[in-house]
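Participant: Dropping the structure in here first, questions after.
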Amino acid sequence: MVIFFEEADMEGVIYPHEDALVITLVIANSTTRRVLVDNGSSADILLWEAFVKMGIDVGKLRLSPMPLKGFSGDTIQPVGAITLPITAGTGAPTTTTMTDFLVVKASSSYNAILGRPTLNHMRAITSTYHLKMKFPTDGGMGEARVEQALARECYLLVEHRDVFAWSHEEMPDIDNKVIEHCLGVDPTHKAVRQKRRSFSIENGESGRPGRFIARSTDKCLPFFQVLRKACTLLRAKS
């Protein structure tokens, strides 16, 4: 099967661009977005947070044979390795293959990285210009299109990663001099709870919006009267 790209593959792509191939895959029956297709990666990588969200038993992880070495020379020891099925394809036809992932704990805007091992196994051809990956299947030529907005969202996360909180430990208290929000109510005033109402389409309330709004307004009136009284007392004290 001959795999080729043509002008029709440019449809929907915003030019000029320098966006990466960021696609959506189904990994172990879990729809996984923000998957980077990286021809330069010698391994298929699954980030720990994405692995946990899939609900897979940690006991299924195998020992990783070797550490990962990044472009900057940093070395990361994977948590383990696991073989999972992945399904690629935007629409039909699709292809499913078993992939050996290395599960790593690292800060990344991607949930997974699809490297050369799986790309070669799928016989996939990528085009960064067309933002598309194509591969042969029994039903014809399949393709995975890049969500360009999603790809640019990943760049935003990377560029401003110092201001994002990835965990609760990274969320210190904000100084009141920076921002402060105050509620204009009297904390000593007794709270009023509105009576719960049930809505029924069979009773025809959805077909009489004017009458419904009028009845709701009448029921809310006591609440607003109490709220106005509380705010008046608060202003008087201040």
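We label chains A, B, ... in the order they appear in the structure tokens, count residues from 1 in each chain, and number ligands from 1 in the order shown.
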Can you tell me which residues surround Lys105 (chain A) at a distance of at most 8 Å, considering only C-alpha atoms, apart from same-chain residues fewer than 2 positions away, and format the answer as a ChimeraX atom specification?

Facilitator: /A:47-49,78-79,103,107

Participant: Where does DSSP see helix (DSSP H, G or I) in region 19-131 of chain A, if you list the residues as a PyMOL selection string?

Facilitator: chain A and resi 48-53+58-60+116-122

Participant: Just the selected residues (C-alpha atoms), exported as a short mmCIF file (atom, residue, chain, number, x, y, z; two decimals), in the first residue's frame, please.

Facilitator:
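Contents of selection33.cif, as written:
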```cif
data_model
loop_
_atom_site.label_atom_id
_atom_site.label_comp_id
_atom_site.auth_asym_id
_atom_site.auth_seq_id
_atom_site.Cartn_x
_atom_site.Cartn_y
_atom_site.Cartn_z
CA TRP A 48 2.52 7.93 35.74
CA GLU A 49 -0.54 10.20 36.14
CA ALA A 50 -2.10 8.81 32.97
CA PHE A 51 -1.32 5.26 34.08
CA VAL A 52 -3.05 5.79 37.43
CA LYS A 53 -6.16 7.25 35.76
CA VAL A 58 0.31 -1.44 39.80
CA GLY A 59 1.24 -5.06 40.42
CA LYS A 60 1.13 -5.66 36.66
CA ARG A 116 9.97 4.58 17.03
CA PRO A 117 9.25 1.02 18.28
CA THR A 118 5.48 1.36 17.87
CA LEU A 119 5.67 3.65 14.83
CA ASN A 120 7.79 1.06 13.01
CA HIS A 121 5.51 -1.76 14.11
CA MET A 122 2.50 0.13 12.77
#
```

Participant: Could you give me, as JSON, numbers by chain, each residue of region 34-104 of chain A that DSSP assigns to strand (DSSP E or B) when run on this structure's backbone?

Facilitator: {"A": [34, 35, 36, 37, 44, 45, 46, 47, 62, 68, 69, 75, 76, 80, 81, 82, 83, 84, 85, 86, 87, 88, 95, 96, 97, 98, 99, 100, 101, 102, 103, 104]}

Participant: Given only C-alpha atoms as the basis, pick out the residue of A:Ile179, A:Ala106, A:Val26, A:Leu131 nearest to Val13 (chain A).

Facilitator: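 Distance minimum relative to Val13 (chain A) lands on A:Leu131.
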
Participant: Neighbouring residues of Ala149 (chain A) were defined as those with any atom within 12 Å, considering only C-alpha atoms; residues of the same chain fewer than 2 positions away were excluded. Please report them as a PDB file with C-alpha atoms, in the first residue's frame.

Facilitator:
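Generated file (result.pdb):
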```pdb
ATOM      1  CA  GLY A  12      -8.356  22.327   8.868  1.00  0.00           C
ATOM      2  CA  VAL A  13      -4.676  23.083   9.568  1.00  0.00           C
ATOM      3  CA  ILE A  14      -3.768  26.651  10.477  1.00  0.00           C
ATOM      4  CA  HIS A  17       2.730  26.531  12.186  1.00  0.00           C
ATOM      5  CA  ASP A  19       3.182  22.443  15.997  1.00  0.00           C
ATOM      6  CA  ALA A  20       4.121  18.931  17.042  1.00  0.00           C
ATOM      7  CA  LEU A  21       2.177  15.754  16.333  1.00  0.00           C
ATOM      8  CA  VAL A  22      -0.085  15.525  19.377  1.00  0.00           C
ATOM      9  CA  ILE A  23      -2.871  12.993  18.886  1.00  0.00           C
ATOM     10  CA  ARG A  34      -2.116  14.682  24.517  1.00  0.00           C
ATOM     11  CA  LEU A 131      -0.127  17.441  11.127  1.00  0.00           C
ATOM     12  CA  ARG A 145      -5.106  13.794  12.771  1.00  0.00           C
ATOM     13  CA  VAL A 146      -3.577  16.267  15.187  1.00  0.00           C
ATOM     14  CA  GLU A 147      -5.805  18.469  17.321  1.00  0.00           C
ATOM     15  CA  ALA A 151      -0.975  20.738  20.625  1.00  0.00           C
ATOM     16  CA  ARG A 152      -0.660  24.456  21.300  1.00  0.00           C
ATOM     17  CA  GLU A 153      -2.182  23.952  24.733  1.00  0.00           C
ATOM     18  CA  CYS A 154       0.748  21.657  25.530  1.00  0.00           C
ATOM     19  CA  TYR A 155       3.192  24.416  24.538  1.00  0.00           C
ATOM     20  CA  LEU A 156       1.357  26.809  26.854  1.00  0.00           C
TER      21      LEU A 156
END
```

Participant: Find, counting only C-alpha atoms, the residue in A:Gly139, A:Val35, A:Thr128, A:Val104 that gets nearest to Ser64 (chain A).

Facilitator: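 Smallest distance to Ser64 (chain A) is found for A:Val104.
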
Participant: What's around Leu114 (chain A) at 6 Å? Count only C-alpha atoms, leave out sequence neighbours fewer than 6 positions away in its own chain, and write the answer as a list in words.

Facilitator: Val37, Asp38 and Asp44 of chain A

Participant: Write the selection just made, keeping C-alpha atoms, as a compact mmCIF listing (two decimals), in the first residue's frame?

Facilitator:
```
# COMPACT_ATOMS: atom_id res chain seq x y z
CA VAL A 37 4.26 11.25 18.32
CA ASP A 38 8.06 11.47 18.52
CA ASP A 44 7.26 4.33 24.13
```

Participant: Just give me the gap between CA of Thr126 (chain A) and CA of Thr32 (chain A) in Å, one decimal is fine.

Facilitator: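 Computed distance, CA of Thr126 (chain A) to CA of Thr32 (chain A), equals 19.3 Å.
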